[in-house]
Amino acid sequence: MSDLTVYGAGWCPDVERSRALLDAKGIEYDYIDVEANTTAEETVRALQNGERRIPTIVWPDGTHLVEPSDHELTTHLNR
């Protein structure tokens, strides 16, 4: 199990883009499909006050990004 969790869906280009960035940087993460896992969808909605935007990327400290740009994701990774 990794320290980073990516919530997404296979059809979403933003999810693919964020995962490609993480893969290119060699960052390990757990990927959870919100359409296949109702508990994951509930987690995403709780983080977003009822919305379900993806990707939602969550760190162990509870910080998270929703639909981040590559720049936002890279900046957060470098903190």
# chains A, B, ... in the order shown; residues from 1 in each chain; ligands from 1

call {"tool": "select_by_dssp", "arguments": {"residues": "chain A", "states": "alpha helix (DSSP H)", "output": "number ranges by chain"}}
result
A: 13-24, 38-47, 70-77

call {"tool": "residues_around", "arguments": {"residues": "Arg79 (chain A)", "least_positions_apart": "6", "cutoff": "12 Å", "atoms": "only C-alpha atoms", "output": "list in words"}}
result
Trp59, Thr63, Glu72 and Leu73 of chain A

call {"tool": "select_by_dssp", "arguments": {"residues": "region 14-60 of chain A", "states": "strand (DSSP E or B)", "output": "MDAnalysis selection string"}}
result
chainID A and resid 30:33 56:58

call {"tool": "closest_residue", "arguments": {"among": "A:Cys12, A:Leu65, A:Ala20, A:Leu4", "to": "Val44 (chain A)", "atoms": "only C-alpha atoms"}}
result
A:Leu65

call {"tool": "closest_residue", "arguments": {"among": "A:Trp11, A:Asn37, A:Ile54, A:Val6", "to": "Asp23 (chain A)", "atoms": "only C-alpha atoms"}}
result
A:Val6

call {"tool": "residues_around", "arguments": {"residues": "Arg19 (chain A)", "least_positions_apart": "6", "cutoff": "10 Å", "atoms": "only C-alpha atoms", "output": "list in words"}}
result
Val6, Gly8, Pro13, Lys25, Ile27, Glu28, Tyr29, Tyr31, Pro55 and Ile57 of chain A

call {"tool": "atom_distance", "arguments": {"atom1": "CA of Gly26 (chain A)", "atom2": "CA of Ala46 (chain A)"}}
result
28.7 Å

call {"tool": "closest_residue", "arguments": {"among": "A:Tyr7, A:Ser18, A:Asn78, A:Ser2", "to": "Arg45 (chain A)", "atoms": "only C-alpha atoms"}}
result
A:Tyr7

call {"tool": "atom_distance", "arguments": {"atom1": "CA of Leu21 (chain A)", "atom2": "CA of Glu51 (chain A)"}}
result
24.2 Å

call {"tool": "closest_residue", "arguments": {"among": "A:Asp30, A:Glu67, A:Thr38, A:Thr43", "to": "Thr5 (chain A)", "atoms": "only C-alpha atoms"}}
result
A:Asp30

call {"tool": "closest_residue", "arguments": {"among": "A:Arg52, A:Ala9, A:Glu35, A:Val15", "to": "Pro68 (chain A)", "atoms": "only C-alpha atoms"}}
result
A:Val15

call {"tool": "closest_residue", "arguments": {"among": "A:Thr75, A:Thr56, A:Gln48, A:Ser69", "to": "Ile32 (chain A)", "atoms": "only C-alpha atoms"}}
result
A:Thr56
